[in-house]
Every structure is written in C-alpha cells, then in structure tokens.
$ cat data-v5.txt   # compact mmCIF, C-alpha atoms
# COMPACT_ATOMS: atom_id res chain seq x y z
CA MET A 1 6.09 -23.21 -45.21
CA SER A 2 8.16 -24.95 -42.57
CA ALA A 3 10.76 -23.99 -39.98
CA LYS A 4 13.73 -25.95 -38.68
CA LEU A 5 16.13 -25.16 -35.87
CA LYS A 6 19.81 -26.08 -35.75
CA PRO A 7 21.22 -27.35 -32.39
CA TYR A 8 22.37 -24.77 -29.84
CA ARG A 9 23.56 -25.10 -26.22
CA ALA A 10 22.35 -21.88 -24.54
CA SER A 11 18.94 -21.58 -22.88
CA PHE A 12 16.13 -20.30 -25.04
CA THR A 13 12.62 -21.39 -25.93
CA LEU A 14 10.77 -21.19 -29.22
CA LEU A 15 7.06 -20.45 -29.12
CA PRO A 16 5.50 -21.52 -32.45
CA HIS A 17 1.81 -21.73 -33.39
CA LEU A 18 1.65 -25.35 -32.18
CA ASN A 19 1.86 -24.53 -28.46
CA CYS A 20 -0.21 -21.41 -27.92
CA PRO A 21 -3.94 -20.92 -27.32
CA ASP A 22 -6.25 -20.68 -30.31
CA ILE A 23 -7.59 -17.22 -29.40
CA TYR A 24 -8.35 -14.47 -31.91
CA TYR A 25 -7.51 -10.84 -31.08
CA THR A 26 -7.84 -7.57 -32.93
CA PRO A 27 -4.77 -5.53 -33.93
CA GLY A 28 -6.95 -2.42 -34.21
CA GLY A 29 -6.55 -1.19 -30.64
CA GLN A 30 -9.76 -2.54 -29.12
CA SER A 31 -9.55 -4.92 -26.19
CA ALA A 32 -11.59 -7.70 -27.81
CA PRO A 33 -12.17 -9.05 -31.32
CA GLU A 34 -14.67 -6.93 -33.27
CA PRO A 35 -15.25 -9.54 -35.08
CA SER A 36 -13.45 -8.49 -38.23
CA PRO A 37 -11.41 -9.90 -41.13
CA LEU A 38 -8.44 -8.21 -39.45
CA ASP A 39 -8.77 -10.36 -36.31
CA ARG A 40 -5.87 -12.75 -36.01
CA ARG A 41 -4.30 -15.29 -33.69
CA MET A 42 -1.07 -14.90 -31.78
CA PHE A 43 0.45 -17.21 -34.40
CA GLY A 44 -1.37 -17.95 -37.63
CA LYS A 45 -1.03 -21.38 -39.21
CA LYS A 46 -0.43 -19.78 -42.61
CA MET A 47 2.10 -17.04 -43.26
CA ARG A 48 0.76 -14.03 -45.13
CA PRO A 49 2.34 -10.74 -46.15
CA SER A 50 0.45 -9.08 -43.27
CA ALA A 51 2.89 -9.16 -40.38
CA ILE A 52 1.87 -12.66 -39.28
CA VAL A 53 4.32 -13.97 -36.67
CA LEU A 54 5.94 -17.34 -37.38
CA LEU A 55 7.34 -17.90 -33.89
CA ARG A 56 8.77 -16.06 -30.93
CA VAL A 57 12.10 -16.60 -29.20
CA VAL A 58 12.31 -16.31 -25.41
CA ALA A 59 15.88 -16.31 -24.09
CA GLU A 60 17.91 -15.57 -20.98
CA SER A 61 19.52 -12.56 -22.64
CA GLU A 62 19.28 -10.43 -25.76
CA GLU A 63 22.58 -11.90 -26.96
CA ILE A 64 21.25 -15.47 -26.75
CA ALA A 65 18.01 -14.43 -28.46
CA LEU A 66 19.92 -12.86 -31.36
CA GLU A 67 22.07 -16.00 -31.68
CA ALA A 68 18.96 -18.18 -31.61
CA LEU A 69 17.42 -16.15 -34.44
CA LYS A 70 20.42 -17.01 -36.62
CA LEU A 71 19.74 -20.74 -36.10
CA ILE A 72 16.19 -20.68 -37.44
CA ASP A 73 15.83 -21.89 -41.02
CA VAL A 74 12.49 -21.11 -42.67
CA GLU A 75 11.35 -22.53 -46.01
CA TYR A 76 8.59 -20.70 -47.82
CA GLU A 77 7.06 -20.11 -51.23
CA VAL A 78 7.30 -16.59 -52.64
CA LEU A 79 3.97 -15.64 -54.20
CA LYS A 80 3.43 -13.19 -57.03
CA PRO A 81 3.24 -9.66 -55.56
CA VAL A 82 -0.13 -7.90 -55.77
CA MET A 83 0.13 -4.13 -56.07
CA SER A 84 -3.36 -3.01 -57.08
CA ILE A 85 -7.02 -3.88 -56.65
CA ASP A 86 -7.18 -5.09 -60.26
CA GLU A 87 -4.24 -7.45 -59.67
CA ALA A 88 -5.86 -8.74 -56.47
CA MET A 89 -9.11 -9.48 -58.31
CA ALA A 90 -7.40 -11.28 -61.22
CA GLU A 91 -8.09 -15.01 -61.58
CA ASP A 92 -4.37 -15.87 -61.25
CA ALA A 93 -3.86 -13.73 -58.12
CA PRO A 94 -2.50 -15.59 -55.08
CA VAL A 95 -5.15 -16.85 -52.68
CA VAL A 96 -4.27 -15.08 -49.44
CA HIS A 97 -7.15 -16.28 -47.27
CA ASP A 98 -7.87 -19.92 -48.06
CA GLU A 99 -9.52 -20.70 -44.72
CA PRO A 100 -13.33 -21.00 -44.31
CA VAL A 101 -15.27 -17.73 -44.17
CA VAL A 102 -17.74 -17.11 -41.32
CA TYR A 103 -20.29 -14.31 -41.74
CA VAL A 104 -21.79 -12.59 -38.69
CA ALA A 105 -24.94 -11.67 -40.66
CA GLY A 106 -26.32 -12.19 -44.14
CA ALA A 107 -24.16 -15.08 -45.34
CA PRO A 108 -24.46 -15.55 -49.12
CA ASP A 109 -26.34 -18.57 -50.48
CA THR A 110 -23.06 -19.89 -51.95
CA LEU A 111 -21.22 -20.00 -48.59
CA GLU A 112 -21.32 -23.78 -48.16
CA ASP A 113 -19.93 -24.33 -51.67
CA ASP A 114 -17.35 -21.53 -51.22
CA ASN A 115 -16.11 -23.08 -47.97
CA SER A 116 -16.02 -26.63 -49.40
CA HIS A 117 -12.78 -25.68 -51.19
CA ALA A 118 -11.24 -23.97 -48.14
CA ALA A 119 -8.14 -25.23 -46.34
CA GLN A 120 -8.98 -26.97 -43.06
CA ARG A 121 -6.30 -25.81 -40.61
CA GLY A 122 -8.67 -24.96 -37.74
CA GLU A 123 -8.68 -21.27 -38.71
CA HIS A 124 -11.45 -19.12 -40.13
CA MET A 125 -11.94 -15.57 -41.37
CA ILE A 126 -14.79 -13.52 -39.91
CA ILE A 127 -16.70 -11.15 -42.20
CA ASN A 128 -19.43 -9.01 -40.64
CA PHE A 129 -21.66 -9.10 -43.74
CA PRO A 130 -21.23 -9.69 -47.49
CA ILE A 131 -19.92 -6.61 -49.27
CA GLY A 132 -19.59 -7.96 -52.79
CA SER A 133 -15.86 -8.61 -52.56
CA ARG A 134 -13.79 -11.76 -52.90
CA PRO A 135 -12.47 -12.11 -49.34
CA ARG A 136 -9.97 -14.86 -50.17
CA LYS A 137 -8.00 -12.52 -52.45
CA ILE A 138 -7.45 -9.59 -50.06
CA SER A 139 -4.96 -8.88 -47.32
CA PRO A 140 -4.27 -5.60 -45.55
CA PRO A 141 -0.78 -4.25 -46.35
CA VAL A 142 0.75 -4.17 -42.85
CA PHE A 143 4.47 -4.50 -42.32
CA MET A 144 6.07 -4.29 -38.90
CA VAL A 145 8.98 -5.45 -36.80
CA ILE A 146 8.60 -5.84 -33.05
CA LEU A 147 11.60 -6.07 -30.75
CA ALA A 148 10.92 -6.50 -27.04
CA ILE A 149 13.78 -6.29 -24.57
CA TRP A 150 13.30 -7.03 -20.88
CA THR A 151 15.05 -4.44 -18.76
CA LYS A 152 14.49 -6.29 -15.50
CA ALA A 153 15.25 -9.96 -14.93
CA LEU A 154 12.08 -12.01 -14.57
CA PRO A 155 11.94 -15.66 -13.53
CA MET A 156 11.32 -17.69 -16.68
CA PRO A 157 10.70 -21.45 -16.59
CA MET A 158 12.84 -23.05 -19.25

$ encode --input "data-v5.txt" --output "structure tokens"
Amino acid sequence: MSAKLKPYRASFTLLPHLNCPDIYYTPGGQSAPEPSPLDRRMFGKKMRPSAIVLLRVVAESEEIALEALKLIDVEYEVLKPVMSIDEAMAEDAPVVHDEPVVYVAGAPDTLEDDNSHAAQRGEHMIINFPIGSRPRKISPPVFMVILAIWTKALPMPM
C-alpha cells in the first residue's frame, strides 16, 4: 500500500504514520492500553479492514481539507473477503496480523518460530494469554468514518 499526493497551492498538512509518535492506545474507551489485541497506534503501518487510519489532513478550512482529500491517491491490494470463522481459519485466508505477537503471560513454546516469519515494521500485537486461536488470521469488524470540524479558529503552525 502506498499513498501519493498531487501538487496543490493552498495551506494544508498531511499527517501520515511516518511523523507521529509510536504510542499504542485502546479504542475500547479506557484511558490507557489494556494491553489487548485491539490496541492500535494513531496510524498503523499496515492497512487492515478495521478502521485503521492512513493519514489525516489538517487544513485552514473545511473547503481546503475537502479539496486536499481529492488530491490523495492511494494504491492498495484488495484481499479476499472473510465472512465467517471457518473462512478466517482456512489456510488460504488473508493474513491480517503479520506483525510479531507478544504475550503478556503464558507464551506458547512455538512463539519464537511463529514470530520468525512475522513482518518487521516496528509493530507488534499484544495477546494477554494463549487462547488456542490463530491470532494472525483475525481482525475485529469495525467500520467508521470520523469527520472533525473546528468551529473556532485555532493557531496552527503550517
């Protein structure tokens, strides 16, 4: 997956995963990571069908932000949809979580071998304890759109 931006003259800033802190948070309503497989970063380095944000646009006005969104070109690979537990457990199912797994307690004896095939992007997935599942094949079905509009002008360094 990659993103490109066409030239534009108005003032806006793109905030991709490359320039934000590497801090995990929980989307579950708590104030700190649990830790949990649902914990995520502000911007993941891999897009998943779980409402992972690719980048954010900060602009001087809503109009400029909407124009900036039209200039973003994203290339991505469409994976086979998974609609049931059986499909998710199939050998040919897409690998959703290919990052190393970190267990809080009771890591399986095969963890080192399991993680030797993991993608090394500086991300990891936290699992509290082994539950007999295949964590690389699961992803919570969360779909959302967030639109934030400032109603009061704030000084923004551009």

$ atom_distance --input "data-v5.txt" --atom1 "atom CA of Arg121 of chain A" --atom2 "atom CA of Pro100 of chain A"
9.3 Å

$ atom_distance --input "data-v5.txt" --atom1 "atom CA of Leu79 of chain A" --atom2 "atom CA of His117 of chain A"
19.8 Å

$ closest_residue --input "data-v5.txt" --among "A:Leu18, A:Ala65, A:Asp109, A:Pro94" --to "Val78 of chain A" --atoms "all atoms listed in the file"
A:Pro94

$ closest_residue --input "data-v5.txt" --among "A:Arg41, A:Lys46, A:Lys80, A:Arg56" --to "Gln120 of chain A" --atoms "all atoms listed in the file"
A:Lys46

$ atom_distance --input "data-v5.txt" --atom1 "atom CA of Phe129 of chain A" --atom2 "atom CA of His97 of chain A"
16.6 Å

$ residues_around --input "data-v5.txt" --residues "Tyr24 of chain A" --least-positions-apart "6" --cutoff "8 Å" --atoms "all atoms listed in the file" --output "list in words"
Pro33, Asp39, Arg40, Arg41 and Met42 of chain A

$ closest_residue --input "data-v5.txt" --among "A:Ile127, A:Val96, A:Ile72, A:Cys20" --to "Leu111 of chain A" --atoms "all atoms listed in the file"
A:Ile127

$ closest_residue --input "data-v5.txt" --among "A:Asn128, A:Thr13, A:Ser84, A:Thr26" --to "Gly106 of chain A" --atoms "all atoms listed in the file"
A:Asn128

$ closest_residue --input "data-v5.txt" --among "A:Ala90, A:Glu75, A:Phe43, A:Phe12" --to "Val58 of chain A" --atoms "all atoms listed in the file"
A:Phe12

$ residues_around --input "data-v5.txt" --residues "Pro130 of chain A" --least-positions-apart "4" --cutoff "9 Å" --atoms "only C-alpha atoms" --output "list of chain:residue names"
A:Tyr103, A:Ala105, A:Gly106, A:Ala107, A:Pro108

$ write_last_selection --input "data-v5.txt" --atoms "C-alpha atoms" --output "compact mmCIF listing (two decimals), keeping the file's coordinate frame"
# COMPACT_ATOMS: atom_id res chain seq x y z
CA TYR A 103 -20.29 -14.31 -41.74
CA ALA A 105 -24.94 -11.67 -40.66
CA GLY A 106 -26.32 -12.19 -44.14
CA ALA A 107 -24.16 -15.08 -45.34
CA PRO A 108 -24.46 -15.55 -49.12

$ closest_residue --input "data-v5.txt" --among "A:Met83, A:Leu14, A:Ala119, A:His124" --to "Ala59 of chain A" --atoms "only C-alpha atoms"
A:Leu14
